[in-house]
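Chemist: My file is model17.cif. It has mmCIF, C-alpha atoms (C1' of nucleotides):
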```cif
data_protein
loop_
_atom_site.label_atom_id
_atom_site.label_comp_id
_atom_site.auth_asym_id
_atom_site.auth_seq_id
_atom_site.Cartn_x
_atom_site.Cartn_y
_atom_site.Cartn_z
CA MET A 386 72.93 36.42 115.99
CA ARG A 387 74.77 33.86 113.87
CA GLY A 388 73.23 30.42 114.41
CA LYS A 389 70.07 31.70 116.11
CA HIS A 390 67.93 31.35 113.01
CA PRO A 391 68.80 29.94 109.58
CA VAL A 392 68.05 33.25 107.89
CA VAL A 393 70.86 34.99 109.76
CA ASP A 394 73.57 32.85 108.27
CA MET A 395 71.94 33.08 104.88
CA ILE A 396 71.99 36.88 105.07
CA LEU A 397 75.62 36.90 106.14
CA GLU A 398 76.58 34.52 103.35
CA ASN A 399 74.72 36.64 100.84
CA ARG A 400 76.52 39.76 102.05
CA GLU A 401 79.92 38.11 101.80
CA LEU A 402 79.36 36.83 98.30
CA SER A 403 77.70 39.97 96.94
CA LYS A 404 80.57 42.05 98.31
CA LEU A 405 83.08 39.82 96.56
CA LYS A 406 81.12 39.91 93.31
CA SER A 407 80.41 43.63 93.09
CA THR A 408 83.67 45.01 94.47
CA TYR A 409 86.14 42.54 93.02
CA ILE A 410 84.90 39.92 90.59
CA ASP A 411 82.91 42.34 88.43
CA ALA A 412 85.12 45.39 88.95
CA LEU A 413 88.68 44.13 88.54
CA PRO A 414 88.45 42.66 85.03
CA ALA A 415 86.68 45.87 83.97
CA ALA A 416 89.61 47.86 85.35
CA MET A 417 92.10 46.15 83.10
CA ASP A 418 94.11 48.50 80.92
CA SER A 419 93.68 47.56 77.26
CA GLN A 420 97.23 48.67 76.42
CA THR A 421 99.04 46.66 79.07
CA GLY A 422 96.49 43.96 79.80
CA ARG A 423 97.06 44.66 83.48
CA VAL A 424 95.21 46.35 86.30
CA HIS A 425 96.95 49.56 87.41
CA THR A 426 96.13 51.16 90.73
CA SER A 427 96.77 54.77 91.73
CA TYR A 428 98.68 55.47 94.91
CA SER A 429 98.26 58.62 96.94
CA GLN A 430 101.28 59.65 98.98
CA ILE A 431 99.03 61.75 101.19
CA GLY A 432 96.13 59.31 101.28
CA ALA A 433 96.12 58.89 105.04
CA VAL A 434 96.69 61.37 107.88
CA THR A 435 99.18 58.99 109.48
CA GLY A 436 101.62 58.96 106.55
CA ARG A 437 100.40 55.74 105.06
CA ILE A 438 99.77 55.74 101.34
CA SER A 439 96.37 54.83 99.98
CA SER A 440 95.34 53.00 96.83
CA SER A 441 92.35 53.68 94.59
CA ASN A 442 90.79 53.03 91.19
CA PRO A 443 90.99 50.20 91.99
CA ASN A 444 92.08 49.85 95.60
CA LEU A 445 94.67 47.05 95.56
CA GLN A 446 95.35 47.35 99.28
CA ASN A 447 92.12 45.57 100.19
CA ILE A 448 92.17 42.48 98.02
CA PRO A 449 90.43 39.66 99.96
CA ILE A 450 92.40 36.98 101.79
CA ARG A 451 90.43 36.11 104.93
CA THR A 452 87.85 33.66 103.62
CA GLU A 453 88.28 30.78 101.21
CA GLU A 454 86.05 32.39 98.59
CA GLY A 455 87.81 35.71 99.05
CA ARG A 456 91.22 34.16 98.60
CA ARG A 457 90.13 32.93 95.19
CA VAL A 458 90.02 36.59 94.13
CA ARG A 459 93.62 36.99 95.23
CA ASN A 460 94.56 33.89 93.25
CA GLY A 461 93.66 35.89 90.16
CA PHE A 462 96.70 38.13 90.58
CA ILE A 463 99.41 36.22 88.74
CA ALA A 464 102.95 36.85 87.54
CA GLU A 465 103.80 36.94 83.85
CA LYS A 466 105.08 33.73 82.29
CA GLY A 467 108.48 32.76 83.60
CA SER A 468 108.11 34.99 86.65
CA VAL A 469 106.75 34.70 90.16
CA LEU A 470 105.20 37.09 92.62
CA LEU A 471 107.36 37.74 95.66
CA SER A 472 105.78 39.17 98.79
CA VAL A 473 107.91 40.50 101.64
CA ASP A 474 106.32 41.84 104.78
CA TYR A 475 107.56 43.29 108.05
CA SER A 476 106.88 41.04 111.06
CA GLN A 477 105.08 42.90 113.86
CA ILE A 478 106.63 46.18 112.79
CA GLU A 479 104.24 48.32 114.85
CA LEU A 480 104.93 46.46 118.10
CA ARG A 481 108.65 46.68 117.43
CA ILE A 482 108.23 50.42 117.02
CA VAL A 483 106.37 50.57 120.35
CA ALA A 484 109.20 48.66 122.04
CA HIS A 485 111.77 51.00 120.49
CA MET A 486 109.99 54.27 121.23
CA ALA A 487 108.85 53.24 124.71
CA LYS A 488 112.31 51.80 125.47
CA ASP A 489 110.51 49.07 127.39
CA GLU A 490 113.18 46.63 128.55
CA SER A 491 110.94 43.55 128.74
CA MET A 492 109.52 44.10 125.29
CA LEU A 493 112.91 44.92 123.79
CA ALA A 494 114.36 41.76 125.37
CA ALA A 495 111.61 39.62 123.86
CA PHE A 496 112.29 40.96 120.38
CA ARG A 497 116.06 40.68 120.82
CA ALA A 498 115.62 37.03 121.81
CA GLY A 499 113.57 36.44 118.67
CA GLU A 500 110.63 35.22 120.71
CA ASP A 501 106.99 35.02 119.65
CA ILE A 502 105.94 38.34 121.16
CA HIS A 503 102.39 37.22 121.95
CA VAL A 504 103.66 34.14 123.79
CA THR A 505 106.12 36.25 125.76
CA THR A 506 103.38 38.73 126.63
CA ALA A 507 101.06 35.94 127.74
CA ALA A 508 103.79 34.37 129.88
CA ALA A 509 104.48 37.71 131.56
CA VAL A 510 100.86 38.56 132.24
CA TYR A 511 99.80 35.07 133.36
CA GLY A 512 103.02 34.53 135.31
CA VAL A 513 104.01 31.26 133.64
CA GLU A 514 106.95 30.01 131.59
CA ASN A 515 106.85 30.57 127.84
CA ASP A 516 106.31 26.86 127.14
CA ALA A 517 103.32 26.78 129.51
CA VAL A 518 101.39 29.36 127.49
CA THR A 519 98.12 27.95 126.17
CA LYS A 520 96.40 28.97 122.96
CA GLU A 521 93.81 30.91 124.92
CA MET A 522 96.47 32.79 126.87
CA ARG A 523 98.26 33.68 123.66
CA ARG A 524 95.00 34.81 122.06
CA HIS A 525 94.31 37.20 124.94
CA ALA A 526 97.85 38.54 124.83
CA LYS A 527 97.59 39.06 121.09
CA ALA A 528 94.38 41.02 121.57
CA ILE A 529 95.95 43.36 124.07
CA ASN A 530 99.13 43.83 122.03
CA PHE A 531 96.98 44.61 119.04
CA GLY A 532 94.66 46.93 120.95
CA LEU A 533 97.61 48.70 122.51
CA ILE A 534 98.56 50.37 119.25
CA TYR A 535 95.03 51.74 118.90
CA GLY A 536 94.78 53.13 122.42
CA MET A 537 92.27 50.50 123.46
CA SER A 538 90.68 50.43 126.93
CA ALA A 539 89.82 47.48 129.17
CA PHE A 540 86.26 47.84 127.92
CA GLY A 541 87.46 47.45 124.34
CA LEU A 542 89.59 44.45 125.28
CA ALA A 543 86.62 42.77 126.94
CA ARG A 544 84.45 43.43 123.92
CA SER A 545 86.98 41.99 121.48
CA THR A 546 87.69 38.88 123.54
CA ASP A 547 85.75 36.50 125.76
CA LEU A 548 87.12 38.20 128.89
CA THR A 549 84.67 39.79 131.30
CA LEU A 550 85.17 43.48 132.00
CA ALA A 551 86.65 42.66 135.41
CA GLU A 552 89.05 40.15 133.86
CA ALA A 553 90.04 42.58 131.16
CA GLU A 554 90.68 45.32 133.72
CA ASN A 555 92.89 42.97 135.67
CA PHE A 556 94.65 41.87 132.51
CA VAL A 557 95.45 45.45 131.48
CA LYS A 558 96.68 46.26 134.98
CA THR A 559 99.05 43.30 135.02
CA TYR A 560 100.15 44.07 131.47
CA PHE A 561 101.28 47.56 132.40
CA GLU A 562 103.03 46.24 135.52
CA LYS A 563 105.02 43.88 133.32
CA PHE A 564 105.67 46.52 130.66
CA PRO A 565 106.12 49.72 132.67
CA GLY A 566 107.97 51.40 129.84
CA VAL A 567 104.92 51.05 127.62
CA LYS A 568 102.65 52.53 130.30
CA LYS A 569 105.00 55.48 130.74
CA TYR A 570 105.23 56.01 126.99
CA LEU A 571 101.45 56.07 126.55
CA ASP A 572 101.06 58.58 129.37
CA GLU A 573 103.78 60.77 127.90
CA ILE A 574 102.22 60.75 124.45
CA ARG A 575 98.84 61.80 125.89
CA GLN A 576 100.49 64.60 127.81
CA LEU A 577 102.61 65.72 124.87
CA ALA A 578 99.67 65.72 122.49
CA GLY A 579 97.64 67.88 124.87
CA GLN A 580 100.53 70.23 125.56
CA GLN A 581 101.77 70.73 122.00
CA GLY A 582 98.59 69.98 120.09
CA TYR A 583 100.53 67.54 117.90
CA VAL A 584 102.68 64.40 117.97
CA GLU A 585 105.48 63.26 115.66
CA THR A 586 106.80 60.03 114.22
CA LEU A 587 110.42 58.93 114.56
CA LEU A 588 111.10 60.71 111.28
CA ASN A 589 109.30 63.88 112.39
CA ARG A 590 106.07 63.48 110.50
CA ARG A 591 103.61 65.60 112.46
CA ARG A 592 99.89 65.16 113.13
CA TYR A 593 97.82 67.84 114.83
CA PHE A 594 95.06 67.36 117.39
CA PRO A 595 93.04 70.55 117.71
CA ALA A 596 90.48 69.23 120.17
CA LEU A 597 93.16 68.33 122.69
CA GLN A 598 94.04 71.98 123.11
CA GLY A 599 91.00 74.18 123.47
CA LYS A 600 87.78 73.53 125.29
CA ILE A 601 87.22 69.90 125.58
CA ASN A 602 84.36 67.64 124.66
CA PRO A 603 85.32 64.46 126.56
CA GLN A 604 84.32 62.18 123.67
CA MET A 605 86.42 64.15 121.23
CA LYS A 606 89.27 64.25 123.71
CA ASN A 607 89.23 60.49 124.14
CA ARG A 608 89.08 59.94 120.40
CA GLU A 609 91.99 62.27 119.77
CA GLU A 610 93.99 60.69 122.58
CA ARG A 611 93.62 57.32 120.88
CA GLU A 612 94.54 58.83 117.53
CA ALA A 613 97.56 60.49 119.16
CA ILE A 614 98.70 57.14 120.52
CA ASN A 615 98.28 55.40 117.19
CA ALA A 616 99.73 58.16 114.98
CA PRO A 617 103.45 57.84 115.90
CA ILE A 618 103.24 54.05 115.73
CA GLN A 619 101.38 53.65 112.45
CA GLY A 620 103.17 56.72 111.05
CA THR A 621 106.67 55.50 111.91
CA ALA A 622 105.93 52.18 110.25
CA ALA A 623 104.80 54.09 107.16
CA ASP A 624 107.96 56.23 107.22
CA ILE A 625 110.18 53.16 107.40
CA MET A 626 108.36 51.41 104.57
CA LYS A 627 108.67 54.52 102.39
CA ILE A 628 112.43 54.65 103.02
CA ALA A 629 112.70 50.99 102.05
CA MET A 630 110.72 51.64 98.88
CA LEU A 631 113.09 54.47 97.94
CA LYS A 632 116.10 52.22 98.35
CA ILE A 633 114.84 49.07 96.68
CA PRO A 634 115.01 49.99 92.97
CA SER A 635 118.70 50.96 93.14
CA ALA A 636 119.50 47.98 95.36
CA LEU A 637 117.93 45.65 92.79
CA LYS A 638 119.74 47.37 89.96
CA ALA A 639 123.07 47.20 91.78
CA ALA A 640 122.54 43.47 92.23
CA GLY A 641 121.88 43.11 88.51
CA LEU A 642 118.28 42.02 89.04
CA LYS A 643 115.34 42.64 86.73
CA SER A 644 112.74 42.23 89.48
CA ARG A 645 110.53 45.25 90.19
CA MET A 646 108.07 46.46 92.76
CA LEU A 647 104.40 46.14 91.88
CA LEU A 648 102.40 46.80 95.04
CA GLN A 649 102.63 48.11 98.57
CA VAL A 650 100.13 47.07 101.22
CA HIS A 651 101.29 49.05 104.27
CA ASP A 652 103.71 46.51 105.72
CA GLU A 653 104.06 44.35 102.60
CA LEU A 654 105.71 44.77 99.21
CA VAL A 655 104.81 42.63 96.22
CA LEU A 656 107.39 42.26 93.47
CA GLU A 657 107.43 40.45 90.17
CA CYS A 658 110.62 38.58 89.48
CA PRO A 659 111.96 36.15 86.91
CA LYS A 660 111.93 32.67 88.44
CA ASP A 661 115.71 32.37 88.45
CA GLU A 662 116.00 35.65 90.38
CA MET A 663 113.59 34.74 93.16
CA GLN A 664 116.04 33.86 95.94
CA LYS A 665 118.43 36.71 95.16
CA THR A 666 115.62 39.23 94.96
CA ALA A 667 114.20 38.08 98.27
CA GLN A 668 117.62 38.53 99.85
CA VAL A 669 118.06 42.05 98.51
CA VAL A 670 114.53 43.17 99.41
CA GLN A 671 114.61 41.63 102.89
CA GLU A 672 117.99 43.16 103.58
CA THR A 673 116.88 46.59 102.34
CA MET A 674 113.64 46.51 104.31
CA ALA A 675 115.35 45.30 107.49
CA ASN A 676 117.98 48.04 107.32
CA ALA A 677 115.86 50.88 105.96
CA TYR A 678 115.96 52.68 109.30
CA PRO A 679 117.64 50.65 112.05
CA LEU A 680 115.97 50.63 115.46
CA SER A 681 117.34 49.39 118.78
CA ILE A 682 116.01 45.95 117.84
CA PRO A 683 116.07 44.14 114.50
CA LEU A 684 113.27 44.64 112.01
CA GLU A 685 112.43 41.18 110.77
CA THR A 686 110.73 40.29 107.52
CA GLU A 687 109.07 37.29 105.96
CA ALA A 688 109.30 36.43 102.27
CA LYS A 689 106.82 34.34 100.33
CA ALA A 690 106.65 33.52 96.65
CA GLY A 691 104.33 31.87 94.18
CA ARG A 692 102.68 32.05 90.79
CA SER A 693 99.73 33.92 92.32
CA TRP A 694 99.27 36.37 95.16
CA GLY A 695 96.91 33.99 96.91
CA GLU A 696 99.07 30.88 96.81
CA MET A 697 102.51 31.65 98.15
CA GLN A 698 105.07 29.59 100.00
CA VAL A 699 107.38 30.90 102.66
CA LEU A 700 110.98 31.16 101.50
CA LYS A 701 113.75 30.07 103.82
"C1'" DA B 1484 75.51 63.77 100.02
"C1'" DA B 1485 74.59 60.89 103.90
"C1'" DC B 1486 74.38 56.52 105.53
"C1'" DT B 1487 75.25 51.41 105.99
"C1'" DA B 1488 78.02 47.60 105.12
"C1'" DG B 1489 82.25 45.32 104.42
"C1'" DG B 1490 86.99 44.42 102.07
"C1'" DC B 1491 92.19 45.19 103.75
"C1'" DT B 1492 96.56 46.47 107.23
"C1'" DG C 387 75.18 59.25 132.50
"C1'" DT C 388 77.81 58.34 128.03
"C1'" DA C 389 81.20 56.18 125.52
"C1'" DT C 390 84.62 53.06 124.75
"C1'" DA C 391 90.08 50.25 118.81
"C1'" DA C 392 93.75 53.23 114.47
"C1'" DG C 393 93.90 54.01 109.14
"C1'" DC C 394 91.78 53.55 104.39
"C1'" DC C 395 88.33 52.68 99.60
"C1'" DT C 396 84.14 50.92 97.19
"C1'" DA C 397 79.35 49.48 96.47
"C1'" DG C 398 74.55 49.96 97.29
"C1'" DT C 399 70.53 52.54 99.06
"C1'" DT C 400 68.00 56.57 100.03
"C1'" DG C 401 66.41 61.22 99.42
#
```
Let me see whether you can do it: turn the structure in this file into C-alpha cells.
Modeler:
Amino acid sequence: MRGKHPVVDMILENRELSKLKSTYIDALPAAMDSQTGRVHTSYSQIGAVTGRISSSNPNLQNIPIRTEEGRRVRNGFIAEKGSVLLSVDYSQIELRIVAHMAKDESMLAAFRAGEDIHVTTAAAVYGVENDAVTKEMRRHAKAINFGLIYGMSAFGLARSTDLTLAEAENFVKTYFEKFPGVKKYLDEIRQLAGQQGYVETLLNRRRYFPALQGKINPQMKNREEREAINAPIQGTAADIMKIAMLKIPSALKAAGLKSRMLLQVHDELVLECPKDEMQKTAQVVQETMANAYPLSIPLETEAKAGRSWGEMQVLK
DNA sequence: AACTAGGCT
DNA sequence: GTATAAGCCTAGTTG
C-alpha cells in the first residue's frame, strides 16, 4: 500500500527507524564488555538445523546494511587503531554447490567460464546472446536462481517478480529445459528424501524429514520437500565454511600474520588485521576459503577492507 | 508463551 | 479447494 496514502509511508518509516533504534542503536552499546571495551557475540555450532551456526546476545549476523540509515549502524563496527577490518565472502557459493551436486553441464560451464551466472541464465532462458541480456531479463533470472535453492514454485516466482503466473510457469519450464541436470537433481532429492526420510550434505551432515515418510498432510509434505531441497545446498555451504574456519588460524600463523577472525556471517568472514598485513591476509584467507573443499568448479571469493564494516573497498 | 514485525544470509 | 521461498535472533504487544 506504499504511496496510496501518506500515512502508509509514515508507518513504514517509523517501523524502520524504531527497529534500528531498539534492536541496534540502544542495544549494542549496552552489550559492550567493560573489560575489553568490545561487543562479544556467542556462536552456536548447532544453532540451525542445516548446519549453519547462529549468533546471539547480541546477534552479529543480522547487522543492518540494506538501507542508508541501517548502514550507519554497521559503520559503528571499527577496527582498532592501526588495523582494518577485512571481509571475505564466497561468491554465489550455494549456486556453485547446486551446479556441482546436480552435475549440470550448462551451469558448470558458466561457472568455469567465470561468467555472471544470472546473465548466463537469462541468456539461456530468453534465447539471446549474453551481451543482449537486459537488466529486466537478468533480474528475472536472478529471482529464479535464488528461488531454486529454496524449492520455489512458479507461483512463488510470480509473486516475487512482476511476472504473471503464466509467464512464470513458462519461465520455469524453459529454465529446466536449459538446465536439465538441475531438474533431475531436484526430482532425485525429493524422491530420496521420501524414501530414506533424510537427506545429506556433501560432507554427510544429515537432516531428517519425518512427515515425508508416514501418512502425509500435503501441506507438510510440500514444506518438507522444499526443506529437503534447501538442506543439502545450505548445509554444504555451511560445511565448507566451517572447514575454512578450521584452517584459517594455522594458515595465518604459518604466514607469520597477526590478523585474526572476528565474525562469521554464513558466507562471509570478518577479520581484523594490522594495516600493513591487509593484502597478505586477504591472499591467505581467500586461498584457504577457495580451497577448503574443492568442487568440480572453482569457489570464488571477494575481499573488501576498510576502517569500518560499513565502508569497505574491494581489494584487487 | 504466542503472536507480529523486521533485521540478516 | 488450499497453499505456495530456506535458515536464523530480537523487540514489542498481549493475555
Chemist: Go through chain A residue by residue and, counting only C-alpha atoms (C1' of nucleotides), keep those with an atom at most 9 Å from chain C; for each kept residue give the shortest atom pair and its distance in Å to one decimal, ordered by chain and increasing number, as JSON lines.
Modeler:
```
{"residue": "A:Lys404", "atom": "CA", "partner": "C:DA397", "partner_atom": "C1'", "distance": 7.8}
{"residue": "A:Ser407", "atom": "CA", "partner": "C:DA397", "partner_atom": "C1'", "distance": 6.8}
{"residue": "A:Thr408", "atom": "CA", "partner": "C:DT396", "partner_atom": "C1'", "distance": 6.5}
{"residue": "A:Gly432", "atom": "CA", "partner": "C:DC394", "partner_atom": "C1'", "distance": 7.9}
{"residue": "A:Ala433", "atom": "CA", "partner": "C:DG393", "partner_atom": "C1'", "distance": 6.7}
{"residue": "A:Val434", "atom": "CA", "partner": "C:DG393", "partner_atom": "C1'", "distance": 8.0}
{"residue": "A:Thr435", "atom": "CA", "partner": "C:DG393", "partner_atom": "C1'", "distance": 7.3}
{"residue": "A:Arg437", "atom": "CA", "partner": "C:DG393", "partner_atom": "C1'", "distance": 7.9}
{"residue": "A:Ile438", "atom": "CA", "partner": "C:DC394", "partner_atom": "C1'", "distance": 8.8}
{"residue": "A:Ser439", "atom": "CA", "partner": "C:DC394", "partner_atom": "C1'", "distance": 6.5}
{"residue": "A:Ser440", "atom": "CA", "partner": "C:DC395", "partner_atom": "C1'", "distance": 7.5}
{"residue": "A:Ser441", "atom": "CA", "partner": "C:DC395", "partner_atom": "C1'", "distance": 6.5}
{"residue": "A:Asn442", "atom": "CA", "partner": "C:DC395", "partner_atom": "C1'", "distance": 8.8}
{"residue": "A:Pro443", "atom": "CA", "partner": "C:DC395", "partner_atom": "C1'", "distance": 8.4}
{"residue": "A:Asn444", "atom": "CA", "partner": "C:DC395", "partner_atom": "C1'", "distance": 6.2}
{"residue": "A:Gln446", "atom": "CA", "partner": "C:DC394", "partner_atom": "C1'", "distance": 8.8}
{"residue": "A:Asn447", "atom": "CA", "partner": "C:DC395", "partner_atom": "C1'", "distance": 8.1}
{"residue": "A:Phe531", "atom": "CA", "partner": "C:DA391", "partner_atom": "C1'", "distance": 8.9}
{"residue": "A:Gly532", "atom": "CA", "partner": "C:DA391", "partner_atom": "C1'", "distance": 6.0}
{"residue": "A:Leu533", "atom": "CA", "partner": "C:DA391", "partner_atom": "C1'", "distance": 8.5}
{"residue": "A:Ile534", "atom": "CA", "partner": "C:DA392", "partner_atom": "C1'", "distance": 7.4}
{"residue": "A:Tyr535", "atom": "CA", "partner": "C:DA392", "partner_atom": "C1'", "distance": 4.8}
{"residue": "A:Gly536", "atom": "CA", "partner": "C:DA391", "partner_atom": "C1'", "distance": 6.6}
{"residue": "A:Met537", "atom": "CA", "partner": "C:DA391", "partner_atom": "C1'", "distance": 5.1}
{"residue": "A:Ser538", "atom": "CA", "partner": "C:DT390", "partner_atom": "C1'", "distance": 7.0}
{"residue": "A:Ala539", "atom": "CA", "partner": "C:DT390", "partner_atom": "C1'", "distance": 8.8}
{"residue": "A:Phe540", "atom": "CA", "partner": "C:DT390", "partner_atom": "C1'", "distance": 6.3}
{"residue": "A:Gly541", "atom": "CA", "partner": "C:DT390", "partner_atom": "C1'", "distance": 6.3}
{"residue": "A:Leu542", "atom": "CA", "partner": "C:DA391", "partner_atom": "C1'", "distance": 8.7}
{"residue": "A:Gln604", "atom": "CA", "partner": "C:DA389", "partner_atom": "C1'", "distance": 7.0}
{"residue": "A:Asn607", "atom": "CA", "partner": "C:DT390", "partner_atom": "C1'", "distance": 8.8}
{"residue": "A:Arg611", "atom": "CA", "partner": "C:DA392", "partner_atom": "C1'", "distance": 7.6}
{"residue": "A:Glu612", "atom": "CA", "partner": "C:DA392", "partner_atom": "C1'", "distance": 6.4}
{"residue": "A:Ile614", "atom": "CA", "partner": "C:DA392", "partner_atom": "C1'", "distance": 8.7}
{"residue": "A:Asn615", "atom": "CA", "partner": "C:DA392", "partner_atom": "C1'", "distance": 5.7}
{"residue": "A:Ala616", "atom": "CA", "partner": "C:DA392", "partner_atom": "C1'", "distance": 7.8}
{"residue": "A:Gln619", "atom": "CA", "partner": "C:DA392", "partner_atom": "C1'", "distance": 7.9}
```
Chemist: For chain B, report every residue with an atom at most 8 Å from chain A (counting only C-alpha atoms (C1' of nucleotides)), formatted as a ChimeraX atom specification.
Modeler: /B:1489-1492
Chemist: Could you tell me how far CA of Thr549 in chain A sits from CA of His390 in chain A, in Å to one decimal place?
Modeler: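 Those two atoms sit 26.2 Å apart.
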Chemist: Using only C-alpha atoms (C1' of nucleotides), which protein or nucleic acid residues come within 10 Å of range 567-581 of chain A? Drop anything in the same chain fewer than 3 positions from it, and give the result as a PyMOL selection string.
Modeler: chain A and resi 483-492+533-534+536+558+560-564+584-585+592-599+606-607+609-615+617
Chemist: Go ahead and write the residues just picked, C-alpha atoms, as a PDB file, keeping the file's coordinate frame.
Modeler:
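Full text of again_4.pdb as output:
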```pdb
ATOM      1  CA  VAL A 483     106.370  50.570 120.350  1.00  0.00           C
ATOM      2  CA  ALA A 484     109.200  48.660 122.040  1.00  0.00           C
ATOM      3  CA  HIS A 485     111.770  51.000 120.490  1.00  0.00           C
ATOM      4  CA  MET A 486     109.990  54.270 121.230  1.00  0.00           C
ATOM      5  CA  ALA A 487     108.850  53.240 124.710  1.00  0.00           C
ATOM      6  CA  LYS A 488     112.310  51.800 125.470  1.00  0.00           C
ATOM      7  CA  ASP A 489     110.510  49.070 127.390  1.00  0.00           C
ATOM      8  CA  GLU A 490     113.180  46.630 128.550  1.00  0.00           C
ATOM      9  CA  SER A 491     110.940  43.550 128.740  1.00  0.00           C
ATOM     10  CA  MET A 492     109.520  44.100 125.290  1.00  0.00           C
ATOM     11  CA  LEU A 533      97.610  48.700 122.510  1.00  0.00           C
ATOM     12  CA  ILE A 534      98.560  50.370 119.250  1.00  0.00           C
ATOM     13  CA  GLY A 536      94.780  53.130 122.420  1.00  0.00           C
ATOM     14  CA  LYS A 558      96.680  46.260 134.980  1.00  0.00           C
ATOM     15  CA  TYR A 560     100.150  44.070 131.470  1.00  0.00           C
ATOM     16  CA  PHE A 561     101.280  47.560 132.400  1.00  0.00           C
ATOM     17  CA  GLU A 562     103.030  46.240 135.520  1.00  0.00           C
ATOM     18  CA  LYS A 563     105.020  43.880 133.320  1.00  0.00           C
ATOM     19  CA  PHE A 564     105.670  46.520 130.660  1.00  0.00           C
ATOM     20  CA  VAL A 584     102.680  64.400 117.970  1.00  0.00           C
ATOM     21  CA  GLU A 585     105.480  63.260 115.660  1.00  0.00           C
ATOM     22  CA  ARG A 592      99.890  65.160 113.130  1.00  0.00           C
ATOM     23  CA  TYR A 593      97.820  67.840 114.830  1.00  0.00           C
ATOM     24  CA  PHE A 594      95.060  67.360 117.390  1.00  0.00           C
ATOM     25  CA  PRO A 595      93.040  70.550 117.710  1.00  0.00           C
ATOM     26  CA  ALA A 596      90.480  69.230 120.170  1.00  0.00           C
ATOM     27  CA  LEU A 597      93.160  68.330 122.690  1.00  0.00           C
ATOM     28  CA  GLN A 598      94.040  71.980 123.110  1.00  0.00           C
ATOM     29  CA  GLY A 599      91.000  74.180 123.470  1.00  0.00           C
ATOM     30  CA  LYS A 606      89.270  64.250 123.710  1.00  0.00           C
ATOM     31  CA  ASN A 607      89.230  60.490 124.140  1.00  0.00           C
ATOM     32  CA  GLU A 609      91.990  62.270 119.770  1.00  0.00           C
ATOM     33  CA  GLU A 610      93.990  60.690 122.580  1.00  0.00           C
ATOM     34  CA  ARG A 611      93.620  57.320 120.880  1.00  0.00           C
ATOM     35  CA  GLU A 612      94.540  58.830 117.530  1.00  0.00           C
ATOM     36  CA  ALA A 613      97.560  60.490 119.160  1.00  0.00           C
ATOM     37  CA  ILE A 614      98.700  57.140 120.520  1.00  0.00           C
ATOM     38  CA  ASN A 615      98.280  55.400 117.190  1.00  0.00           C
ATOM     39  CA  PRO A 617     103.450  57.840 115.900  1.00  0.00           C
TER      40      PRO A 617
END
```
Chemist: Work out how far apart CA of Arg523 in chain A and CA of Lys689 in chain A are and give it in Å to one decimal.
Modeler: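 Computing it gives 24.9 Å between the two atoms.
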Chemist: Kindly give the distance, in Å, that separates CA of Asp474 in chain A and CA of Pro683 in chain A, rounded to a single decimal.
Modeler: 14.0 Å
Chemist: With all atoms listed in the file as the basis for distance, which of A:Ala509, A:Met697, A:Leu397, A:Val392 is at the shortest distance from Arg459 in chain A?
Modeler: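 Using all atoms listed in the file, Arg459 in chain A sits closest to A:Met697.
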Chemist: So which residues get picked by the PyMOL selection byres ((chain A and resi 461) around 10) here, written as a list in words?
Modeler: Ile410, Leu413, Pro414, Arg456, Arg457, Val458, Arg459, Asn460, Phe462, Ile463, Ala464, Arg692, Ser693, Trp694, Gly695 and Glu696 of chain A
Chemist: Since the input lacks atoms, please generate N, CA and C atoms for range 683-694 of chain A and provide them as a PDB file, keeping the file's coordinate frame.
Modeler:
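Saved result, rebuild_36.pdb, follows:
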```pdb
ATOM      1  N   PRO A 683     116.154  44.433 115.938  1.00  0.00           N
ATOM      2  CA  PRO A 683     116.070  44.140 114.500  1.00  0.00           C
ATOM      3  C   PRO A 683     114.646  44.266 113.972  1.00  0.00           C
ATOM      4  N   LEU A 684     114.548  44.709 112.720  1.00  0.00           N
ATOM      5  CA  LEU A 684     113.270  44.640 112.010  1.00  0.00           C
ATOM      6  C   LEU A 684     113.312  43.364 111.195  1.00  0.00           C
ATOM      7  N   GLU A 685     112.420  42.433 111.497  1.00  0.00           N
ATOM      8  CA  GLU A 685     112.430  41.180 110.770  1.00  0.00           C
ATOM      9  C   GLU A 685     111.388  41.176 109.672  1.00  0.00           C
ATOM     10  N   THR A 686     111.638  40.371 108.655  1.00  0.00           N
ATOM     11  CA  THR A 686     110.730  40.290 107.520  1.00  0.00           C
ATOM     12  C   THR A 686     110.463  38.831 107.185  1.00  0.00           C
ATOM     13  N   GLU A 687     109.370  38.621 106.456  1.00  0.00           N
ATOM     14  CA  GLU A 687     109.070  37.290 105.960  1.00  0.00           C
ATOM     15  C   GLU A 687     108.867  37.371 104.456  1.00  0.00           C
ATOM     16  N   ALA A 688     109.447  36.446 103.730  1.00  0.00           N
ATOM     17  CA  ALA A 688     109.300  36.430 102.270  1.00  0.00           C
ATOM     18  C   ALA A 688     108.512  35.205 101.836  1.00  0.00           C
ATOM     19  N   LYS A 689     107.589  35.435 100.907  1.00  0.00           N
ATOM     20  CA  LYS A 689     106.820  34.340 100.330  1.00  0.00           C
ATOM     21  C   LYS A 689     106.819  34.507  98.820  1.00  0.00           C
ATOM     22  N   ALA A 690     106.681  33.416  98.101  1.00  0.00           N
ATOM     23  CA  ALA A 690     106.650  33.520  96.650  1.00  0.00           C
ATOM     24  C   ALA A 690     105.720  32.486  96.052  1.00  0.00           C
ATOM     25  N   GLY A 691     105.204  32.802  94.873  1.00  0.00           N
ATOM     26  CA  GLY A 691     104.330  31.870  94.180  1.00  0.00           C
ATOM     27  C   GLY A 691     103.886  32.426  92.846  1.00  0.00           C
ATOM     28  N   ARG A 692     103.187  31.595  92.096  1.00  0.00           N
ATOM     29  CA  ARG A 692     102.680  32.050  90.790  1.00  0.00           C
ATOM     30  C   ARG A 692     101.593  33.099  90.993  1.00  0.00           C
ATOM     31  N   SER A 693     100.782  32.946  92.059  1.00  0.00           N
ATOM     32  CA  SER A 693      99.730  33.920  92.320  1.00  0.00           C
ATOM     33  C   SER A 693      99.859  34.508  93.714  1.00  0.00           C
ATOM     34  N   TRP A 694      99.194  35.638  93.901  1.00  0.00           N
ATOM     35  CA  TRP A 694      99.270  36.370  95.160  1.00  0.00           C
ATOM     36  C   TRP A 694      98.540  35.627  96.290  1.00  0.00           C
TER      37      TRP A 694
END
```
